[in-house]
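Enquirer: To start, I am sharing the structure in question, which I have written as C-alpha cells.
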Amino acid sequence: MSKPSVLLIAEAANPEWVSVPLIGWSVAAALRQVADVHLVTQVRNREAIQRQGWVEGQDFTAIDTEAVTKPIWQASQVLRMGKGKGWTLNTAINSLLYPYFENQVWKTFGPALKAGKYDLVHRVTPLTPTAVSPIAKRCARAGVPFVLGPLNGGVPWPAGFDAERRREREWLSYVRRLYKLKPGRGAMFRATSAIMAGSRHTASEIPAPFQDKVLWLPENAIDLERFNQRSAQDISGPLRGCFIGRMVPYKGPDMLLEAAAPHLASGRMVLDMVGDGPMRPSLEAKARELGVAGAVTFHGQVPHDAVQDIAVRANLLTFPSIREFGGGVVLEAMALGVVPLIVDYAGPGELVTPDTALTVPIGRRDQIIADLGATFDRIVADPSGLPEMGARAYERAQAHFTWPAKAQQILRAYEWALAPVGNPPELI
C-alpha cells in the first residue's frame with residue numbers, strides 16, 4: 001500500500017510543551033514516516049512548529065480561533081481557582097469550544113476533502129471523548145474516512161479518595177456522565193470509521209452500537225532522544241526509588257513516603273522525588289517528621305529532557321498514582337530499564353505485564369500504603385529479580401511503545417479504516 005494522504009487534526013500540538021500538546025506533536029511527527037501528513041493545529045503552536053523546520057502551508061496549517069476562545073479560556077482559569085486543578089472543568093470548557101475550531105478547519109479544507117485530496121482525516125487532539133467532532137459527518141458525506149483517537153480520560157475516582165477529589169477541585173467530575181447527552185455525539189461515532197481508545201475504560205464508554213469500530217491503543221510513547229540511557233540496576237547498595245510527577249494528592253507521593261519510611265530510616269532505601277506542586281512543602285515536612293529527610297532528595301521541577309539523568313539511577317519507579325489516564329512516565333521508566341511499582345488501576349496498569357512491573361491493587365489509602373510497604377519489604381530483602389525485570393520492561397517499551405512503533409500501529413488502524421474487512425486489528 002502506498003503512503004496514505006492524511007489530514008491530521010491536532011488542535012493541541014506543540015513540541016515545546018508537555019502533556020497533551022506534546023502527544024499531538026509527537027503523533028504528527030512520527031506519522032510523517034509512514035504517511036503523507038498535513039497537520040492542522042491552533043495558531044498558538046505556529047512558532048514552535050516552525051522552529052522544528054516545518055513550513056506553514058506545506059507541512060501544516062495554523063487556524064486562528066483566539067478571538068473567540070481566548071477570553072473564555074482565561075475565564076475558565078479563574079473558575080478553576082488554582083494552577084493544575086479542576087481538570088474536569090478545564091476539559092469541559094475546551095470541549096464546548098472545540099467545535100468552533102473544527103468548523104474553521106472545514107472552511108479551510110472542506111473543498112480539498114470533497115475533491116478527494118486526502119485519503120482520510122484523523123483527529124488526534126483533543127484526547128477527551130467528551131469533545132464532539134462536527135467534521136466527522138461532513139467527511140462521511142464526502143466519502144473520506146474519519147478516524148478518532150486515541151481517546152482517553154474520565155477514569156472514575158476510586159472509593160476512599162473523595163477528600164483528594166475535592167482537594168483537586170474536581171467538583172464537575174460528579175456529573176461528568178452528562179457529556180453523553182451532548183448533541184452530535186452519536187452522529188460523530190456513527191460517521192467515524194475507526195475509534196482508537198487509549199484505555200480500556202474509555203473503550204467501555206463508546207456506545208455499544210459502535211464497539212465494532214474500537215481499537216485499543218495507549219496514546220503515550222517514548223521519545224528515544226529524551227530517554228536513551230539504560231539503568232545499571234545496581235542492587236549492591238540501598239534500593240533506589242524514584243517518584244516523577246506533580247506533587248498533588250491523587251499522585252500519592254504522601255502514601256509513598258509513609259510506605260517507604262522504615263527502609264528510608266534504616267538506610268536500606270533512598271528516594272528521588274522529581275517534580276513540584278502544592279504538596280511539596282508538606283511532603284518535605286513529612287520527611288522531616290518521619291526522620292527520613294536525609295534519604296529523600298526533592299529535585300523540584302526538572303526539564304523533561306533531563307529527567308532521565310535522575311531516573312536512570314533508580315531501581316524502581318515508585319509511582320502510586322490512583323487516577324492516571326495514560327501513564328507516560330511509566331513507559332519512560334521502562335525505556336530506561338527501571339522497574340515500575342504502580343497501583344494497578346487505569347492507564348499504568350494497562351501498560352505493564354506481570355514480568356515487567358510490580359503492582360499493588362487499588363484500595364483505600366491505608367490499604368495501598370500497607371501493600372506498598374509489603375512490596376518494599378520483599379524487594380529490600382531480595383532485590384535479585386530486579387535486573388531481569390528491568391530488562392524485560394526495557395524490551396517491552398522498545399518493541400511496542402516508541403513513537404516509530406506507534407506510527408506503525410496507527411498505520412494499521414488507517415489501513416483497516418480504508419478497507420474495514422472483519423474485526424478491527426490488534427495494534428499491540
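Ligands are numbered from 1 in the order shown, residues from 1 within each chain, and chains are lettered A, B, ... in the order they appear in the C-alpha cells.
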Mind listing the alpha helix (DSSP H) residues of region 20-174 of chain A, per DSSP on the backbone, as a short mmCIF file (atom, residue, chain, number, x, y, z; two decimals) with C-alpha atoms, in the first residue's frame?
Expert:
```cif
data_model
loop_
_atom_site.label_atom_id
_atom_site.label_comp_id
_atom_site.auth_asym_id
_atom_site.auth_seq_id
_atom_site.Cartn_x
_atom_site.Cartn_y
_atom_site.Cartn_z
CA VAL A 20 -1.47 16.61 25.50
CA PRO A 21 0.26 19.19 23.25
CA LEU A 22 3.42 17.08 23.21
CA ILE A 23 1.39 13.97 22.35
CA GLY A 24 -0.32 15.82 19.49
CA TRP A 25 3.01 16.93 18.12
CA SER A 26 4.71 13.56 18.61
CA VAL A 27 1.96 11.70 16.75
CA ALA A 28 2.16 14.14 13.85
CA ALA A 29 5.96 13.93 13.64
CA ALA A 30 6.02 10.12 13.89
CA LEU A 31 3.32 9.64 11.26
CA ARG A 46 2.77 28.02 15.00
CA GLU A 47 6.16 29.36 16.10
CA ALA A 48 7.19 26.21 17.97
CA ILE A 49 6.36 24.07 14.93
CA GLN A 50 8.25 26.40 12.62
CA GLU A 66 -8.06 33.12 19.57
CA ALA A 67 -10.57 35.96 19.28
CA VAL A 68 -13.35 33.59 20.31
CA THR A 69 -11.62 31.04 22.51
CA LYS A 70 -9.01 33.01 24.46
CA PRO A 71 -11.39 35.13 26.60
CA ILE A 72 -13.42 32.04 27.54
CA TRP A 73 -10.29 30.04 28.30
CA GLN A 74 -8.98 32.84 30.55
CA ALA A 75 -12.28 32.88 32.42
CA SER A 76 -12.04 29.12 32.92
CA GLN A 77 -8.68 29.51 34.65
CA VAL A 78 -10.30 31.82 37.20
CA LEU A 79 -13.07 29.28 37.81
CA ARG A 80 -10.50 26.52 38.35
CA TRP A 87 -9.05 19.41 35.15
CA THR A 88 -12.60 18.20 34.54
CA LEU A 89 -13.83 21.80 34.35
CA ASN A 90 -10.97 22.69 32.02
CA THR A 91 -11.78 19.74 29.76
CA ALA A 92 -15.49 20.58 29.74
CA ILE A 93 -14.88 24.18 28.67
CA ASN A 94 -12.39 23.16 25.99
CA SER A 95 -14.87 20.58 24.71
CA LEU A 96 -17.56 23.24 24.36
CA LEU A 97 -15.15 25.48 22.43
CA TYR A 98 -13.69 22.76 20.20
CA PRO A 99 -16.46 22.53 17.55
CA TYR A 100 -15.76 26.14 16.58
CA PHE A 101 -12.15 25.17 15.77
CA GLU A 102 -13.29 22.25 13.60
CA ASN A 103 -15.79 24.41 11.77
CA GLN A 104 -12.89 26.67 10.83
CA VAL A 105 -10.94 23.62 9.70
CA TRP A 106 -13.81 22.63 7.41
CA LYS A 107 -13.99 26.13 5.93
CA THR A 108 -10.30 25.83 5.06
CA PHE A 109 -10.12 22.19 3.94
CA GLY A 110 -13.69 21.25 3.01
CA PRO A 111 -13.17 21.88 -0.74
CA ALA A 112 -9.99 19.77 -0.78
CA LEU A 113 -11.71 16.94 1.09
CA LYS A 114 -14.67 16.96 -1.28
CA ILE A 135 -16.38 17.42 10.82
CA ALA A 136 -16.91 13.63 11.08
CA LYS A 137 -20.29 13.52 9.35
CA ARG A 138 -19.13 16.04 6.75
CA CYS A 139 -16.22 13.73 5.94
CA ALA A 140 -18.62 10.79 5.69
CA ARG A 141 -20.76 12.69 3.21
CA ALA A 142 -17.62 13.46 1.20
CA ASP A 162 -13.19 11.70 47.97
CA ALA A 163 -11.07 14.09 50.03
CA GLU A 164 -8.39 14.05 47.34
CA ARG A 165 -11.07 14.58 44.72
CA ARG A 166 -12.24 17.73 46.48
CA ARG A 167 -8.71 18.99 47.02
#
```
Enquirer: Restrict the calculation to only C-alpha atoms, then for each residue of region 350-406 of chain A with any atom at most 10 Å from an atom of region 217-220 of chain A give the closest atom pair and their distance in Å to one decimal, rows by chain and rising residue number, as CSV.
Expert:
```
residue,atom,partner,partner_atom,distance
A:Glu350,CA,A:Pro218,CA,8.5
A:Leu351,CA,A:Pro218,CA,7.8
A:Phe401,CA,A:Asn220,CA,7.5
A:Thr402,CA,A:Asn220,CA,8.7
A:Trp403,CA,A:Asn220,CA,8.5
A:Lys406,CA,A:Glu219,CA,8.5
```
Enquirer: Env of Asp305 (chain A): 9 Å cut, atoms = only C-alpha atoms, seq-sep filter 2 positions within chain, self excluded. Answer as a tab-separated table (two decimals) with all heavy atoms, in the first residue's frame.
Expert:
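Written out: part.tsv:
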```tsv
chain	number	residue	atom	x	y	z
A	225	GLU	N	15.09	10.10	21.86
A	225	GLU	CA	16.16	11.08	22.04
A	225	GLU	C	16.20	11.58	23.48
A	225	GLU	O	17.27	11.91	23.99
A	225	GLU	CB	15.95	12.26	21.08
A	225	GLU	CG	16.13	11.88	19.61
A	225	GLU	CD	16.02	13.08	18.69
A	225	GLU	OE1	15.84	14.21	19.20
A	225	GLU	OE2	16.10	12.89	17.47
A	226	ARG	N	15.05	11.63	24.13
A	226	ARG	CA	15.00	12.10	25.51
A	226	ARG	C	15.22	10.98	26.51
A	226	ARG	O	15.58	11.22	27.66
A	226	ARG	CB	13.65	12.77	25.80
A	226	ARG	CG	13.40	14.01	24.98
A	226	ARG	CD	12.17	14.74	25.45
A	226	ARG	NE	11.88	15.89	24.59
A	226	ARG	CZ	11.10	16.91	24.93
A	226	ARG	NH1	10.54	16.94	26.11
A	226	ARG	NH2	10.87	17.90	24.10
A	227	PHE	N	14.96	9.74	26.10
A	227	PHE	CA	15.11	8.60	27.00
A	227	PHE	C	15.95	7.54	26.29
A	227	PHE	O	15.43	6.58	25.73
A	227	PHE	CB	13.74	8.08	27.42
A	227	PHE	CG	13.01	9.04	28.30
A	227	PHE	CD1	12.24	10.05	27.74
A	227	PHE	CD2	13.14	9.00	29.67
A	227	PHE	CE1	11.60	10.99	28.54
A	227	PHE	CE2	12.51	9.92	30.49
A	227	PHE	CZ	11.74	10.92	29.91
A	302	VAL	N	12.07	19.56	36.90
A	302	VAL	CA	13.26	19.25	36.09
A	302	VAL	C	12.83	19.27	34.62
A	302	VAL	O	11.78	18.73	34.27
A	302	VAL	CB	13.82	17.86	36.46
A	302	VAL	CG1	14.96	17.46	35.53
A	302	VAL	CG2	14.28	17.85	37.91
A	303	PRO	N	13.62	19.90	33.71
A	303	PRO	CA	13.27	19.85	32.29
A	303	PRO	C	13.08	18.42	31.81
A	303	PRO	O	13.81	17.51	32.24
A	303	PRO	CB	14.48	20.51	31.61
A	303	PRO	CG	15.07	21.40	32.66
A	303	PRO	CD	14.85	20.68	33.97
A	307	VAL	N	15.13	14.61	32.83
A	307	VAL	CA	14.55	13.69	33.81
A	307	VAL	C	15.28	12.35	33.82
A	307	VAL	O	15.52	11.75	34.87
A	307	VAL	CB	13.05	13.49	33.53
A	307	VAL	CG1	12.50	12.33	34.35
A	307	VAL	CG2	12.27	14.76	33.84
A	308	GLN	N	15.68	11.87	32.64
A	308	GLN	CA	16.31	10.55	32.59
A	308	GLN	C	17.63	10.50	33.35
A	308	GLN	O	18.02	9.44	33.83
A	308	GLN	CB	16.52	10.11	31.15
A	308	GLN	CG	17.58	10.85	30.38
A	308	GLN	CD	17.99	10.09	29.11
A	308	GLN	OE1	17.72	8.91	28.95
A	308	GLN	NE2	18.63	10.80	28.19
A	309	ASP	N	18.30	11.63	33.50
A	309	ASP	CA	19.57	11.64	34.21
A	309	ASP	C	19.40	11.26	35.68
A	309	ASP	O	20.31	10.71	36.31
A	309	ASP	CB	20.23	13.02	34.12
A	309	ASP	CG	20.61	13.39	32.69
A	309	ASP	OD1	20.86	12.47	31.90
A	309	ASP	OD2	20.64	14.59	32.38
```
Enquirer: Leaving out region 239-256 of chain A and any residue of its chain fewer than 2 positions from it, which residues lie within 7 Å of it when counting only C-alpha atoms, given as a VMD selection string?
Expert: chain A and resid 164 235 237 258 to 260 268 to 280 283 311 314 to 323 369 380
Enquirer: Any chance you can output those residues with C-alpha atoms as a PDB file, in the first residue's frame?
Expert:
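part.pdb written:
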```pdb
ATOM      1  CA  GLU A 164      -8.386  14.046  47.337  1.00  0.00           C
ATOM      2  CA  ILE A 235      21.430  -3.908  43.595  1.00  0.00           C
ATOM      3  CA  GLY A 237      23.639  -0.786  47.682  1.00  0.00           C
ATOM      4  CA  GLU A 258       4.744   6.584  54.571  1.00  0.00           C
ATOM      5  CA  ALA A 259       5.181   3.179  52.945  1.00  0.00           C
ATOM      6  CA  ALA A 260       8.916   3.574  52.387  1.00  0.00           C
ATOM      7  CA  ARG A 268      18.310   0.369  53.097  1.00  0.00           C
ATOM      8  CA  MET A 269      16.490   2.657  50.674  1.00  0.00           C
ATOM      9  CA  VAL A 270      16.848   6.140  49.162  1.00  0.00           C
ATOM     10  CA  LEU A 271      14.284   8.123  47.222  1.00  0.00           C
ATOM     11  CA  ASP A 272      14.407  10.777  44.498  1.00  0.00           C
ATOM     12  CA  MET A 273      11.321  12.984  44.216  1.00  0.00           C
ATOM     13  CA  VAL A 274      11.167  14.719  40.820  1.00  0.00           C
ATOM     14  CA  GLY A 275       8.503  17.338  40.271  1.00  0.00           C
ATOM     15  CA  ASP A 276       6.760  20.197  42.024  1.00  0.00           C
ATOM     16  CA  GLY A 277       3.290  21.121  43.156  1.00  0.00           C
ATOM     17  CA  PRO A 278       1.189  22.284  46.084  1.00  0.00           C
ATOM     18  CA  MET A 279       2.066  19.261  48.240  1.00  0.00           C
ATOM     19  CA  ARG A 280       5.821  19.759  48.128  1.00  0.00           C
ATOM     20  CA  LEU A 283       5.965  16.409  51.834  1.00  0.00           C
ATOM     21  CA  ALA A 311      15.567   8.319  36.797  1.00  0.00           C
ATOM     22  CA  ALA A 314      16.869   4.138  40.114  1.00  0.00           C
ATOM     23  CA  ASN A 315      15.884   0.519  40.570  1.00  0.00           C
ATOM     24  CA  LEU A 316      12.184   1.355  40.837  1.00  0.00           C
ATOM     25  CA  LEU A 317       9.815   3.993  39.543  1.00  0.00           C
ATOM     26  CA  THR A 318       7.760   4.394  42.725  1.00  0.00           C
ATOM     27  CA  PHE A 319       4.544   5.856  41.348  1.00  0.00           C
ATOM     28  CA  PRO A 320       1.395   5.125  43.402  1.00  0.00           C
ATOM     29  CA  SER A 321      -0.992   7.354  41.434  1.00  0.00           C
ATOM     30  CA  ILE A 322      -4.612   6.350  41.983  1.00  0.00           C
ATOM     31  CA  ARG A 323      -6.116   8.064  38.929  1.00  0.00           C
ATOM     32  CA  ILE A 369       0.214   2.096  51.963  1.00  0.00           C
ATOM     33  CA  VAL A 380      14.695  -4.843  50.053  1.00  0.00           C
TER      34      VAL A 380
END
```
Enquirer: Quick check, in Å to one decimal: how far apart do CA of Ile63 (chain A) and CA of Leu418 (chain A) lie?
Expert: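 About the pair CA of Ile63 (chain A) and CA of Leu418 (chain A): they are 27.0 Å apart.
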Enquirer: Region 8-133 of chain A: which residues are strand (DSSP E or B) by DSSP, as a list in words?
Expert: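 So the strand (DSSP E or B) residues in region 8-133 of chain A would be Leu8, Ile9, Ala10, Asp36, Val37, His38, Leu39, Val40, Thr41, Gln42, Glu56, Phe60, Thr61, Ala62, Ile63, Leu120, Val121, His122, Arg123, Val124 and Thr125 of chain A.
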Enquirer: Pick the closest to Ala417 (chain A) from A:Pro156, A:Pro145, A:Pro4, A:Pro129: which is it, counting only C-alpha atoms?
Expert: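 Among A:Pro156, A:Pro145, A:Pro4, A:Pro129, it is A:Pro145 that comes nearest to Ala417 (chain A).
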Enquirer: Name all residues at most 8 Å from Gly160 (chain A) (count only C-alpha atoms; drop same-chain ones fewer than 3 positions away) and give them as a PyMOL selection string.
Expert: chain A and resi 163+363-365
Enquirer: How would the residues just picked look written out with all heavy atoms as a PDB file, in the first residue's frame?
Expert:
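Saved to out14.pdb:
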```pdb
ATOM      1  N   ALA A 163     -11.764  12.902  49.537  1.00  0.00           N
ATOM      2  CA  ALA A 163     -11.071  14.094  50.028  1.00  0.00           C
ATOM      3  C   ALA A 163     -10.064  14.589  48.994  1.00  0.00           C
ATOM      4  O   ALA A 163      -9.956  15.800  48.741  1.00  0.00           O
ATOM      5  CB  ALA A 163     -10.368  13.788  51.352  1.00  0.00           C
ATOM      6  N   GLY A 363      -7.226   0.311  46.247  1.00  0.00           N
ATOM      7  CA  GLY A 363      -7.940   0.126  47.510  1.00  0.00           C
ATOM      8  C   GLY A 363      -8.006   1.459  48.221  1.00  0.00           C
ATOM      9  O   GLY A 363      -7.705   2.509  47.627  1.00  0.00           O
ATOM     10  N   ARG A 364      -8.370   1.430  49.464  1.00  0.00           N
ATOM     11  CA  ARG A 364      -8.374   2.656  50.235  1.00  0.00           C
ATOM     12  C   ARG A 364      -6.944   3.026  50.620  1.00  0.00           C
ATOM     13  O   ARG A 364      -6.031   2.217  50.520  1.00  0.00           O
ATOM     14  CB  ARG A 364      -9.271   2.518  51.469  1.00  0.00           C
ATOM     15  CG  ARG A 364     -10.736   2.330  51.088  1.00  0.00           C
ATOM     16  CD  ARG A 364     -11.660   2.278  52.286  1.00  0.00           C
ATOM     17  NE  ARG A 364     -13.033   2.122  51.836  1.00  0.00           N
ATOM     18  CZ  ARG A 364     -13.839   3.132  51.513  1.00  0.00           C
ATOM     19  NH1 ARG A 364     -13.401   4.381  51.608  1.00  0.00           N
ATOM     20  NH2 ARG A 364     -15.078   2.921  51.100  1.00  0.00           N
ATOM     21  N   ARG A 365      -6.777   4.254  51.055  1.00  0.00           N
ATOM     22  CA  ARG A 365      -5.437   4.799  51.273  1.00  0.00           C
ATOM     23  C   ARG A 365      -4.592   3.906  52.197  1.00  0.00           C
ATOM     24  O   ARG A 365      -3.441   3.590  51.885  1.00  0.00           O
ATOM     25  CB  ARG A 365      -5.565   6.200  51.865  1.00  0.00           C
ATOM     26  CG  ARG A 365      -4.263   6.948  51.998  1.00  0.00           C
ATOM     27  CD  ARG A 365      -4.487   8.356  52.536  1.00  0.00           C
ATOM     28  NE  ARG A 365      -3.259   9.129  52.502  1.00  0.00           N
ATOM     29  CZ  ARG A 365      -2.305   9.056  53.430  1.00  0.00           C
ATOM     30  NH1 ARG A 365      -2.453   8.237  54.460  1.00  0.00           N
ATOM     31  NH2 ARG A 365      -1.212   9.778  53.326  1.00  0.00           N
TER      32      ARG A 365
END
```
Enquirer: Of the candidates A:Glu16, A:Glu426, A:Glu11, A:Glu388, which shows the shortest atom-to-atom distance to Ser133 (chain A), using only C-alpha atoms?
Expert: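 Of A:Glu16, A:Glu426, A:Glu11, A:Glu388, the one nearest Ser133 (chain A) is A:Glu11, counting only C-alpha atoms.
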Enquirer: Can you work out the spacing between CA of Ala357 (chain A) and CA of Met389 (chain A) in Å, to one decimal?
Expert: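 Interatomic distance, CA of Ala357 (chain A) to CA of Met389 (chain A): 7.0 Å.
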Enquirer: Can you measure CA of Ala35 (chain A) to CA of Ser5 (chain A) for me? One decimal in Å is fine.
Expert: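 So the two atoms, CA of Ala35 (chain A) and CA of Ser5 (chain A), lie 6.1 Å apart.
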